[in-house]
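Student: Take a look at run37.cif, mmCIF, C-alpha atoms:
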data_upload
loop_
_atom_site.label_atom_id
_atom_site.label_comp_id
_atom_site.auth_asym_id
_atom_site.auth_seq_id
_atom_site.Cartn_x
_atom_site.Cartn_y
_atom_site.Cartn_z
CA MET A 1 15.48 1.93 -44.81
CA ASN A 2 19.28 2.05 -44.44
CA SER A 3 20.88 1.42 -41.04
CA ALA A 4 24.19 0.72 -39.36
CA ARG A 5 23.38 -1.56 -36.43
CA PHE A 6 25.00 -1.30 -33.05
CA SER A 7 25.80 -3.98 -30.49
CA HIS A 8 23.53 -5.15 -27.68
CA PHE A 9 23.65 -3.56 -24.25
CA SER A 10 26.39 -4.85 -21.99
CA ALA A 11 26.49 -4.73 -18.21
CA PRO A 12 27.45 -1.20 -17.09
CA SER A 13 29.68 -2.53 -14.33
CA ALA A 14 32.14 0.35 -14.58
CA CYS A 15 29.49 3.01 -14.13
CA PRO A 16 30.06 4.91 -10.86
CA MET A 17 26.39 5.82 -10.40
CA PRO A 18 24.34 3.99 -7.74
CA GLN A 19 23.06 0.77 -9.30
CA GLU A 20 19.45 1.52 -8.29
CA ASN A 21 19.51 4.57 -10.57
CA LEU A 22 20.70 2.70 -13.66
CA ARG A 23 18.06 1.93 -16.28
CA PRO A 24 18.94 0.69 -19.78
CA ALA A 25 18.32 3.69 -22.04
CA ILE A 26 17.87 4.40 -25.74
CA ILE A 27 17.89 7.99 -26.97
CA ALA A 28 15.75 8.56 -30.09
CA ILE A 29 16.48 11.57 -32.31
CA PRO A 30 14.47 12.51 -35.42
CA ALA A 31 16.52 14.58 -37.89
CA CYS A 32 15.74 16.25 -41.20
CA ASN A 33 18.57 18.04 -43.02
CA GLU A 34 20.51 18.85 -39.86
CA GLU A 35 24.08 18.33 -41.12
CA ASP A 36 25.14 21.68 -39.60
CA ARG A 37 23.85 20.80 -36.10
CA ILE A 38 23.74 17.04 -35.65
CA SER A 39 27.44 16.82 -34.72
CA ARG A 40 26.97 19.10 -31.71
CA CYS A 41 23.85 17.22 -30.67
CA LEU A 42 25.58 13.85 -30.71
CA SER A 43 28.84 15.14 -29.24
CA ALA A 44 26.90 16.29 -26.18
CA LEU A 45 25.49 12.78 -25.81
CA ALA A 46 28.99 11.32 -26.08
CA VAL A 47 30.29 13.16 -22.99
CA GLN A 48 27.62 12.31 -20.43
CA ARG A 49 28.82 12.15 -16.83
CA ASP A 50 27.45 11.77 -13.32
CA ASP A 51 27.39 14.46 -10.62
CA ARG A 52 30.85 13.42 -9.45
CA GLY A 53 32.34 14.13 -12.84
CA GLN A 54 32.77 10.49 -13.81
CA ARG A 55 31.91 9.52 -17.35
CA ILE A 56 28.90 7.31 -17.97
CA PRO A 57 30.08 4.35 -20.07
CA PHE A 58 28.56 3.85 -23.50
CA ALA A 59 27.44 0.38 -22.39
CA SER A 60 24.71 2.12 -20.36
CA TYR A 61 22.89 3.79 -23.26
CA GLN A 62 22.47 3.80 -27.02
CA VAL A 63 21.48 6.44 -29.56
CA LEU A 64 19.21 6.10 -32.60
CA VAL A 65 19.23 8.85 -35.25
CA TYR A 66 16.27 8.79 -37.63
CA ALA A 67 17.44 10.59 -40.80
CA ASN A 68 14.00 11.52 -42.10
CA ASN A 69 13.90 12.44 -45.82
CA CYS A 70 17.36 14.01 -45.58
CA THR A 71 18.86 15.41 -48.78
CA ASP A 72 22.09 16.58 -47.14
CA GLY A 73 24.90 14.97 -45.17
CA THR A 74 23.03 14.47 -41.88
CA ALA A 75 23.39 10.67 -41.88
CA ALA A 76 27.10 10.74 -42.72
CA ARG A 77 27.84 13.40 -40.10
CA ALA A 78 25.97 11.40 -37.47
CA ALA A 79 27.77 8.18 -38.34
CA GLY A 80 31.06 10.05 -38.20
CA ILE A 81 30.47 11.08 -34.60
CA GLY A 82 29.86 7.46 -33.68
CA GLU A 83 33.19 6.50 -35.24
CA GLN A 84 35.07 9.38 -33.61
CA THR A 85 33.74 8.83 -30.11
CA GLY A 86 32.81 5.17 -29.79
CA LEU A 87 29.25 6.21 -28.91
CA SER A 88 26.79 3.31 -29.38
CA LEU A 89 25.05 4.92 -32.33
CA GLU A 90 22.80 3.74 -35.13
CA VAL A 91 21.71 5.90 -38.04
CA ILE A 92 18.46 4.89 -39.75
CA SER A 93 17.85 6.66 -43.08
CA VAL A 94 14.31 6.66 -44.44
CA LEU A 95 12.32 8.21 -47.25
CA ARG A 96 8.75 8.84 -46.15
CA SER A 97 5.75 10.20 -48.01
CA PRO A 98 4.93 13.86 -47.28
CA GLU A 99 1.98 13.01 -45.06
CA LEU A 100 4.25 10.84 -42.85
CA SER A 101 7.34 13.03 -42.82
CA SER A 102 6.37 15.53 -40.12
CA ALA A 103 8.58 15.93 -37.06
CA GLY A 104 5.94 14.46 -34.77
CA LEU A 105 5.40 11.31 -36.82
CA ALA A 106 9.15 10.88 -37.33
CA ARG A 107 9.65 11.05 -33.57
CA LYS A 108 6.96 8.42 -33.09
CA ALA A 109 8.59 6.13 -35.65
CA ILE A 110 12.01 6.25 -33.99
CA MET A 111 10.66 5.96 -30.45
CA ASP A 112 8.63 2.91 -31.50
CA ILE A 113 11.80 1.35 -32.91
CA ALA A 114 13.65 2.13 -29.68
CA ALA A 115 10.87 0.54 -27.62
CA ASP A 116 11.02 -2.59 -29.77
CA ARG A 117 14.78 -2.78 -29.26
CA LEU A 118 14.46 -2.64 -25.48
CA GLU A 119 11.76 -5.31 -25.48
CA THR A 120 13.72 -7.58 -27.81
CA ALA A 121 16.67 -7.33 -25.43
CA GLY A 122 14.41 -8.24 -22.50
CA LEU A 123 14.95 -4.85 -20.88
CA SER A 124 11.45 -4.17 -19.56
CA ALA A 125 12.81 -1.71 -16.97
CA GLY A 126 14.37 0.43 -19.70
CA ILE A 127 13.66 4.06 -20.52
CA LEU A 128 13.16 5.92 -23.78
CA LEU A 129 14.55 9.42 -24.16
CA THR A 130 14.24 11.85 -27.03
CA THR A 131 15.78 15.15 -28.01
CA ASP A 132 16.00 17.25 -31.18
CA ALA A 133 18.83 17.26 -33.69
CA ASP A 134 19.29 21.03 -33.26
CA SER A 135 19.64 20.72 -29.48
CA MET A 136 22.50 19.96 -27.11
CA VAL A 137 21.78 18.17 -23.83
CA SER A 138 23.73 19.10 -20.69
CA PRO A 139 26.53 16.79 -19.47
CA LEU A 140 24.26 15.64 -16.61
CA TRP A 141 21.19 15.15 -18.77
CA LEU A 142 21.18 11.37 -18.67
CA ALA A 143 22.27 11.08 -15.02
CA ASN A 144 19.62 13.54 -13.84
CA SER A 145 16.95 11.82 -15.94
CA TRP A 146 17.88 8.51 -14.31
CA ARG A 147 17.67 10.18 -10.90
CA GLU A 148 14.14 11.50 -11.54
CA PHE A 149 13.02 7.99 -12.57
CA SER A 150 14.57 6.54 -9.41
CA ARG A 151 12.36 8.93 -7.43
CA GLY A 152 9.22 7.51 -9.00
CA ALA A 153 8.63 9.50 -12.19
CA ASP A 154 7.03 7.75 -15.16
CA CYS A 155 7.84 10.60 -17.55
CA VAL A 156 10.44 13.38 -17.31
CA ALA A 157 10.15 16.67 -19.20
CA GLY A 158 13.38 18.64 -19.20
CA TYR A 159 14.01 22.38 -19.06
CA ILE A 160 14.76 24.08 -22.39
CA ASP A 161 17.29 26.91 -22.68
CA ALA A 162 18.20 28.92 -25.76
CA ASP A 163 21.60 28.40 -27.37
CA PRO A 164 23.60 31.19 -25.65
CA HIS A 165 25.59 32.29 -28.70
CA GLU A 166 22.60 32.36 -31.04
CA PHE A 167 20.48 34.08 -28.39
CA VAL A 168 23.02 36.90 -27.97
CA GLU A 169 23.44 37.24 -31.73
CA LEU A 170 19.76 38.14 -32.05
CA GLY A 171 20.39 41.49 -30.39
CA LEU A 172 19.75 43.32 -27.15
CA ASN A 173 16.02 43.90 -27.66
CA PHE A 174 15.43 40.20 -28.25
CA GLN A 175 17.54 39.32 -25.20
CA GLN A 176 15.66 41.72 -22.93
CA ARG A 177 12.34 40.36 -24.12
CA GLY A 178 13.55 36.80 -23.55
CA PHE A 179 14.71 37.53 -20.01
CA LEU A 180 11.37 39.16 -19.13
CA GLU A 181 9.38 36.24 -20.50
CA GLU A 182 11.61 33.68 -18.80
CA HIS A 183 11.27 35.53 -15.47
CA TYR A 184 7.49 35.71 -15.73
CA HIS A 185 7.21 32.06 -16.85
CA ALA A 186 9.04 31.03 -13.67
CA LEU A 187 6.74 33.14 -11.47
CA VAL A 188 3.63 31.69 -13.14
CA ALA A 189 4.98 28.16 -12.62
CA GLU A 190 5.50 28.84 -8.92
CA ILE A 191 1.97 30.25 -8.53
CA PHE A 192 0.58 27.01 -9.97
CA ALA A 193 2.94 24.94 -7.82
CA LEU A 194 1.64 26.63 -4.67
CA LEU A 195 -2.07 26.64 -5.54
CA ASP A 196 -2.26 23.34 -7.45
CA PRO A 197 0.57 21.32 -5.88
CA ARG A 198 1.55 17.92 -7.29
CA PRO A 199 3.59 15.80 -4.83
CA HIS A 200 5.47 14.04 -7.63
CA ASP A 201 6.31 17.34 -9.38
CA PRO A 202 7.37 19.68 -6.57
CA TRP A 203 8.67 23.19 -6.90
CA PRO A 204 11.02 24.18 -8.48
CA ASN A 205 9.57 22.96 -11.74
CA HIS A 206 8.41 24.32 -15.10
CA GLN A 207 5.34 23.90 -17.30
CA VAL A 208 6.67 22.70 -20.65
CA SER A 209 6.68 19.18 -22.12
CA SER A 210 8.93 19.45 -25.18
CA GLY A 211 10.41 16.88 -27.50
CA ALA A 212 13.77 18.64 -27.06
CA SER A 213 14.00 16.84 -23.71
CA LEU A 214 11.46 14.14 -22.94
CA ALA A 215 11.82 10.70 -21.36
CA VAL A 216 9.42 7.92 -20.43
CA THR A 217 9.68 4.41 -19.03
CA LEU A 218 9.20 1.59 -21.49
CA ARG A 219 6.35 0.20 -19.38
CA MET A 220 4.49 3.52 -19.48
CA TYR A 221 5.22 4.00 -23.18
CA ARG A 222 3.56 0.70 -23.95
CA ALA A 223 0.71 1.33 -21.52
CA ILE A 224 -0.29 4.56 -23.31
CA GLY A 225 0.02 2.95 -26.73
CA GLY A 226 3.24 4.73 -27.67
CA LEU A 227 3.80 8.32 -28.71
CA PRO A 228 0.49 9.81 -29.95
CA ALA A 229 0.47 9.95 -33.76
CA LYS A 230 0.39 13.72 -34.33
CA PRO A 231 2.27 15.83 -36.89
CA SER A 232 3.07 18.29 -34.10
CA GLY A 233 2.32 18.61 -30.41
CA GLU A 234 3.16 14.94 -29.92
CA ASP A 235 5.37 15.78 -26.94
CA ALA A 236 2.66 17.48 -24.88
CA ALA A 237 0.21 14.76 -25.98
CA LEU A 238 2.52 12.07 -24.55
CA ALA A 239 2.71 13.84 -21.19
CA LEU A 240 -1.09 14.18 -21.15
CA ALA A 241 -1.53 10.49 -21.97
CA VAL A 242 0.75 9.56 -19.06
CA GLU A 243 -1.28 11.79 -16.73
CA CYS A 244 -4.52 10.21 -17.91
CA LEU A 245 -3.24 6.76 -17.04
CA GLY A 246 -2.39 7.90 -13.53
CA GLY A 247 1.31 8.28 -14.30
CA LYS A 248 3.67 10.82 -12.76
CA VAL A 249 5.12 13.50 -15.02
CA ARG A 250 8.09 15.35 -13.57
CA HIS A 251 8.97 18.76 -15.05
CA SER A 252 12.57 18.79 -13.91
CA MET A 253 14.81 21.84 -13.69
CA ASP A 254 17.84 19.54 -13.39
CA VAL A 255 17.35 17.84 -16.76
CA CYS A 256 18.47 20.58 -19.15
CA VAL A 257 18.99 21.09 -22.86
CA THR A 258 19.90 24.07 -25.04
CA THR A 259 18.18 24.41 -28.37
CA SER A 260 18.72 26.56 -31.42
CA CYS A 261 17.39 30.07 -31.91
CA ARG A 262 17.24 29.80 -35.68
CA LEU A 263 14.69 31.99 -37.40
CA GLU A 264 14.16 29.60 -40.34
CA GLY A 265 12.62 26.38 -39.06
CA ARG A 266 11.38 23.08 -40.43
CA ALA A 267 7.68 23.42 -39.54
CA MET A 268 5.16 26.09 -40.50
CA GLY A 269 3.95 27.97 -37.43
CA GLY A 270 6.70 26.49 -35.28
CA ALA A 271 9.10 28.03 -32.79
CA ALA A 272 11.27 29.55 -35.53
CA ASP A 273 8.31 31.49 -36.95
CA ALA A 274 7.44 32.83 -33.50
CA MET A 275 11.04 33.90 -32.86
CA ARG A 276 11.30 35.57 -36.24
CA GLN A 277 8.18 37.64 -35.53
CA ARG A 278 9.49 38.63 -32.10
CA HIS A 279 12.86 39.52 -33.55
CA THR A 280 11.35 41.86 -36.15
CA GLU A 281 8.64 43.18 -33.77
CA PRO A 282 10.06 43.45 -30.22
CA ASP A 283 6.64 44.07 -28.65
CA ALA A 284 4.85 41.26 -30.50
CA PRO A 285 2.40 39.29 -28.31
CA CYS A 286 3.76 36.75 -25.84
CA ASP A 287 2.73 33.10 -25.63
CA PRO A 288 -0.98 32.80 -24.76
CA GLU A 289 -0.29 31.08 -21.40
CA LEU A 290 1.44 34.25 -20.18
CA GLU A 291 -1.69 35.91 -18.86
CA SER A 292 -2.20 38.58 -16.22
CA VAL A 293 -1.41 37.67 -12.61
CA PHE A 294 -5.10 37.92 -11.75
CA THR A 295 -6.09 35.47 -14.51
CA VAL A 296 -3.22 33.09 -13.71
CA THR A 297 -4.12 33.12 -10.02
CA LYS A 298 -7.81 32.52 -10.69
CA LYS A 299 -7.01 29.55 -12.93
CA ALA A 300 -4.48 28.08 -10.50
CA TRP A 301 -6.91 28.52 -7.57
CA LEU A 302 -9.77 26.87 -9.46
CA LYS A 303 -7.56 24.06 -10.71
CA GLY A 304 -6.23 23.40 -7.22
CA HIS A 305 -9.71 23.30 -5.66
CA LEU A 306 -11.14 21.11 -8.41
CA ARG A 307 -8.27 18.66 -8.32
CA ARG A 308 -8.41 18.43 -4.52
CA SER A 309 -12.15 17.79 -4.55
CA SER A 310 -11.87 15.13 -7.24
CA ASP A 311 -11.23 12.57 -4.52
CA ILE A 312 -14.36 13.58 -2.61
CA GLY A 313 -17.05 13.40 -5.26
CA PHE A 314 -18.71 15.53 -7.85
CA MET A 315 -21.06 17.68 -5.76
CA GLU A 316 -18.41 20.18 -4.77
CA LYS A 317 -17.19 20.40 -8.36
CA SER A 318 -20.69 21.14 -9.54
CA ALA A 319 -20.94 24.02 -7.07
CA ILE A 320 -17.61 25.47 -8.18
CA LEU A 321 -18.38 25.02 -11.86
CA ALA A 322 -21.68 26.80 -11.39
CA THR A 323 -19.78 29.97 -10.45
CA LEU A 324 -18.34 30.04 -13.98
CA GLY A 325 -21.76 30.62 -15.50
CA LEU A 326 -21.98 27.25 -17.25
CA GLU A 327 -25.30 25.68 -18.12
CA VAL A 328 -26.32 22.60 -16.15
CA THR A 329 -26.06 20.37 -19.23
CA ARG A 330 -22.53 21.63 -19.88
CA VAL A 331 -21.52 20.95 -16.27
CA GLU A 332 -22.91 17.42 -16.55
CA SER A 333 -20.96 16.88 -19.77
CA LEU A 334 -17.74 18.07 -18.12
CA LEU A 335 -18.22 15.78 -15.15
CA ALA A 336 -18.86 12.86 -17.52
CA THR A 337 -15.51 13.66 -19.14
CA LEU A 338 -13.84 13.52 -15.75
CA ARG A 339 -15.42 10.15 -14.96
CA ARG A 340 -14.28 8.49 -18.19
CA SER A 341 -10.96 10.30 -18.72
CA CYS A 342 -8.60 12.18 -16.41
CA PHE A 343 -8.42 15.48 -14.60
CA GLU A 344 -6.11 17.17 -17.13
CA VAL A 345 -8.48 16.45 -20.05
CA PHE A 346 -11.40 17.66 -17.91
CA TRP A 347 -9.47 20.86 -17.14
CA GLN A 348 -8.69 21.51 -20.81
CA GLU A 349 -12.36 21.09 -21.75
CA LEU A 350 -13.41 23.35 -18.88
CA CYS A 351 -11.05 26.10 -20.05
CA SER A 352 -12.52 25.82 -23.55
CA ALA A 353 -16.11 25.87 -22.28
CA SER A 354 -15.85 28.82 -19.88
CA THR A 355 -15.44 32.34 -21.20
CA ASP A 356 -13.80 33.18 -17.87
CA LEU A 357 -11.04 30.62 -18.46
CA ARG A 358 -10.36 30.89 -22.19
CA TYR A 359 -7.23 32.66 -23.29
CA GLY A 360 -7.91 36.35 -23.75
CA ARG A 361 -5.85 39.10 -25.31
CA PRO A 362 -2.19 38.08 -24.89
CA LEU A 363 0.26 40.14 -22.91
CA ARG A 364 3.04 42.03 -24.64
CA PRO A 365 6.60 42.45 -23.35
CA SER A 366 5.88 46.10 -22.50
CA MET A 367 3.27 44.85 -19.99
CA LEU A 368 5.43 42.23 -18.29
CA ALA A 369 7.26 44.45 -15.81
CA THR A 370 3.95 45.40 -14.17
CA GLU A 371 2.73 41.79 -14.06
CA ILE A 372 6.08 40.62 -12.65
CA GLY A 373 5.66 43.14 -9.84
CA TRP A 374 2.20 41.80 -8.98
CA ALA A 375 3.39 38.20 -9.24
CA GLU A 376 6.30 38.79 -6.86
CA MET A 377 3.96 40.51 -4.42
CA LEU A 378 1.52 37.57 -4.58
CA LEU A 379 4.26 34.98 -4.15
CA SER A 380 5.71 36.81 -1.17
CA PHE A 381 2.29 36.42 0.47
CA LEU A 382 1.67 32.81 -0.61
CA ARG A 383 5.09 31.58 0.49
CA SER A 384 4.34 32.74 4.03
CA GLN A 385 1.11 30.71 4.25
CA SER A 386 0.87 27.18 5.60
CA ASN A 387 -2.03 26.49 3.21
CA PRO A 388 -1.70 28.80 0.18
CA LEU A 389 -4.83 27.46 -1.54
CA GLU A 390 -7.05 28.43 1.39
CA ALA A 391 -5.21 31.71 1.96
CA ILE A 392 -5.92 32.93 -1.55
CA ASP A 393 -9.62 32.15 -1.14
CA LEU A 394 -10.31 35.65 0.16
CA LEU A 395 -8.63 37.26 -2.83
CA MET A 396 -10.64 35.65 -5.59
CA GLU A 397 -12.90 38.51 -6.58
CA ASP A 398 -12.66 40.94 -9.48
CA ARG A 399 -9.26 42.18 -10.59
CA VAL A 400 -9.49 45.57 -8.87
CA THR A 401 -10.43 44.00 -5.53
CA PHE A 402 -7.78 41.31 -6.00
CA GLU A 403 -5.02 43.86 -6.52
CA ALA A 404 -6.25 46.07 -3.67
CA ARG A 405 -6.29 43.13 -1.23
CA LEU A 406 -2.90 42.00 -2.45
CA GLN A 407 -1.48 45.47 -1.97
CA GLY A 408 -2.93 45.54 1.53
CA ALA A 409 -1.43 42.17 2.40
CA HIS A 410 1.95 43.33 1.12
CA GLU A 411 1.90 46.47 3.26
#
Do you think you could lay out the structure here as structure tokens?
Tutor:
Amino acid sequence: MNSARFSHFSAPSACPMPQENLRPAIIAIPACNEEDRISRCLSALAVQRDDRGQRIPFASYQVLVYANNCTDGTAARAAGIGEQTGLSLEVISVLRSPELSSAGLARKAIMDIAADRLETAGLSAGILLTTDADSMVSPLWLANSWREFSRGADCVAGYIDADPHEFVELGLNFQQRGFLEEHYHALVAEIFALLDPRPHDPWPNHQVSSGASLAVTLRMYRAIGGLPAKPSGEDAALALAVECLGGKVRHSMDVCVTTSCRLEGRAMGGAADAMRQRHTEPDAPCDPELESVFTVTKKAWLKGHLRRSSDIGFMEKSAILATLGLEVTRVESLLATLRRSCFEVFWQELCSASTDLRYGRPLRPSMLATEIGWAEMLLSFLRSQSNPLEAIDLLMEDRVTFEARLQGAHE
């Protein structure tokens, strides 16, 4: 391991932000052969400001770059940004065996180091943030993360945008597809927000927990045992672990980052592979969570009812679960999961167990305009209701009846 150490935190007395928002912060960045992008990533972190336009002093936060099996100039480029800007930056270069070199395990390694640093400095109220080396955080990324923590969040998942230049360079067909998917994602998120509301994660929000923008308090990080040790999917697994411990995960639209649209990625089956397929085949299937409005609404309605009844007991759940055609022994197994784990794990197992809730044939971009129309019609109705979950009760039948009732309500 090769590192250039930085100094200890100093009191951020010059910071114009309200003192109650300030939390000592370390930003952990795994990087593998990112010499072409790491400078932009770190430069964005060097110009953080508050919502009044005043710069956040470097005494308030530090950056760790984990140069993971790099064979290019990533480490030197990163160190150069520290020298050019004065950013409190440390580059840690490591050579790891292939089975330990995945992005997920590299992120865990650097976040664990960051957690140790905060504890060693006696900063138990500190926060850990992480982003990707091919991403650029917004100027308000740190300030808005601090603000979400001051409102009670234990974990903050930021909103991910595509790099504008790279997105446009991929052509008009790719852009149009992206805009359709982004529009429908937002509508789906609002349907869930209305039918399965979470007080700590109010609308507007989103549904993604990505390592490109993820933050967690040190206390919660230690409570969950650190970042789950997974080669990939470690970001969503962290958010789930926080939920299972009763923590509050905020999917903030104010904490933003842009990430690359490269078609050649670092991980097999990753985002780059999906983008490459969609670039070459404009009508390639969408993400599996982009389902029909009827399916989305049914899932959100069920999830909202089940979550609400979880404080009452298990009898009501059993009655609702019975409508999904599950065997009694399977229902009992699901309820046992809920007793020993958390609602989100229970919900994931339920979706796997029920043929009604499993992902079906994915939508294609050519189908999205129709689904967007139905979603906007549904939301127009739900927004007008004082209790959207109860209002939708009458609509939960088969798809034909659902759409007919929805059309009638709209007229």
Student: Can you tell me, as a list of chain:residue names, which residues sit within 12 Å of (-9.8, 12.2, -17.3) in the file's frame, using only C-alpha atoms?
Tutor: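 Residues with an atom close enough to that point: A:Leu240, A:Ala241, A:Val242, A:Glu243, A:Cys244, A:Leu245, A:Gly246, A:Arg307, A:Ser310, A:Leu334, A:Leu335, A:Ala336, A:Thr337, A:Leu338, A:Arg339, A:Arg340, A:Ser341, A:Cys342, A:Phe343, A:Glu344, A:Val345, A:Phe346, A:Trp347, A:Gln348, A:Glu349, A:Leu350.
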Student: So which one's closest to Leu368 of chain A, A:Val293, A:Ala189, A:Leu118, A:Leu64? Using only C-alpha atoms, please.
Tutor: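 When distances to Leu368 of chain A are compared using only C-alpha atoms, the smallest one comes from A:Val293.
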Student: Have a look at A:Leu263, A:Ala404, A:Leu42, A:Leu290 and name the one nearest to Leu187 of chain A; count all atoms listed in the file.
Tutor: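 For Leu187 of chain A, the nearest of the candidates is A:Leu290.
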Student: Could you name the residues that touch Asn173 of chain A at 12 Å or less, counting only C-alpha atoms, but leaving out those on the same chain fewer than 2 positions away, as a VMD selection string?
Tutor: chain A and resid 167 to 171 175 to 180 278 to 284 365 to 366
Student: From the list A:Gln207, A:Asn69, A:Ser39, A:Thr217, which residue is nearest Ile27 of chain A when using only C-alpha atoms?
Tutor: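 Using only C-alpha atoms, Ile27 of chain A sits closest to A:Thr217.
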Student: Check what the PyMOL selection byres ((chain A and resi 214) around 8) selects in the file above and give those residues as JSON, numbers by chain.
Tutor: {"A": [129, 130, 131, 155, 156, 157, 158, 209, 210, 211, 212, 213, 215, 216, 235]}
Student: Using all atoms listed in the file, pick whichever of A:Ala115, A:Ile56, A:Ala79, A:Ile392 has the shortest atom-to-atom distance to Ala28 of chain A.
Tutor: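 Looking at the shortest contact to Ala28 of chain A, the residue is A:Ala115.
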Student: Nearest to His165 of chain A: which of A:Gly360, A:Cys261, A:Val94, A:Ala186 is it, counting only C-alpha atoms?
Tutor: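 For His165 of chain A, the nearest of the candidates is A:Cys261.
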Student: Mind pulling up the distance from atom CA of Asp154 of chain A to atom CA of Val249 of chain A?
Tutor: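 Interatomic distance, atom CA of Val249 of chain A to atom CA of Asp154 of chain A: 6.1 Å.
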Student: Identify which of the residues A:Met377, A:Val296, A:Ile29, A:Leu363 lies closest to Arg399 of chain A, counting all atoms listed in the file when measuring atom-to-atom distances.
Tutor: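 When distances to Arg399 of chain A are compared using all atoms listed in the file, the smallest one comes from A:Val296.
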Student: Contacts of Val255 of chain A at 7 Å or less, counting only C-alpha atoms, minus same-chain residues fewer than 2 places along, as a list of chain:residue names?
Tutor: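 Everything that qualifies: A:Trp141, A:Asn144, A:Ser145, A:Gly158, A:Tyr159, A:Ser252, A:Met253.
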Student: What is the distance, in Å and to one decimal place, between atom CA of Arg250 of chain A and atom CA of Gly225 of chain A?
Tutor: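 One can read the atom CA of Arg250 of chain A to atom CA of Gly225 of chain A distance as 19.8 Å.
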Student: Mind filling out segment 291-296 of chain A with all heavy atoms and sending it as a short mmCIF file (atom, residue, chain, number, x, y, z; two decimals), in the coordinates of the input?
Tutor:
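Everything below was put into selection13.cif:
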data_model
loop_
_atom_site.label_atom_id
_atom_site.label_comp_id
_atom_site.auth_asym_id
_atom_site.auth_seq_id
_atom_site.Cartn_x
_atom_site.Cartn_y
_atom_site.Cartn_z
N GLU A 291 -0.54 35.04 -19.08
CA GLU A 291 -1.69 35.91 -18.86
C GLU A 291 -1.42 36.81 -17.66
O GLU A 291 -0.39 36.70 -16.98
CB GLU A 291 -2.93 35.06 -18.63
CG GLU A 291 -3.24 34.13 -19.80
CD GLU A 291 -4.43 33.22 -19.53
OE1 GLU A 291 -4.25 32.21 -18.83
OE2 GLU A 291 -5.52 33.54 -20.02
N SER A 292 -2.36 37.68 -17.37
CA SER A 292 -2.20 38.58 -16.22
C SER A 292 -2.13 37.77 -14.93
O SER A 292 -2.61 36.63 -14.86
CB SER A 292 -3.37 39.55 -16.14
OG SER A 292 -4.56 38.87 -15.74
N VAL A 293 -1.53 38.35 -13.90
CA VAL A 293 -1.41 37.67 -12.61
C VAL A 293 -2.80 37.32 -12.08
O VAL A 293 -3.01 36.23 -11.52
CB VAL A 293 -0.65 38.53 -11.60
CG1 VAL A 293 -0.70 37.92 -10.20
CG2 VAL A 293 0.79 38.70 -12.04
N PHE A 294 -3.75 38.20 -12.23
CA PHE A 294 -5.10 37.92 -11.75
C PHE A 294 -5.67 36.68 -12.43
O PHE A 294 -6.21 35.79 -11.78
CB PHE A 294 -6.01 39.12 -11.99
CG PHE A 294 -7.46 38.85 -11.67
CD1 PHE A 294 -7.88 38.69 -10.37
CD2 PHE A 294 -8.39 38.75 -12.69
CE1 PHE A 294 -9.21 38.43 -10.07
CE2 PHE A 294 -9.73 38.49 -12.42
CZ PHE A 294 -10.14 38.33 -11.10
N THR A 295 -5.55 36.61 -13.77
CA THR A 295 -6.09 35.47 -14.51
C THR A 295 -5.35 34.19 -14.16
O THR A 295 -5.96 33.13 -13.95
CB THR A 295 -5.99 35.73 -16.03
OG1 THR A 295 -6.72 36.92 -16.34
CG2 THR A 295 -6.56 34.57 -16.82
N VAL A 296 -4.02 34.26 -14.08
CA VAL A 296 -3.22 33.09 -13.71
C VAL A 296 -3.63 32.58 -12.33
O VAL A 296 -3.81 31.38 -12.11
CB VAL A 296 -1.72 33.45 -13.72
CG1 VAL A 296 -0.89 32.39 -12.99
CG2 VAL A 296 -1.23 33.60 -15.16
#
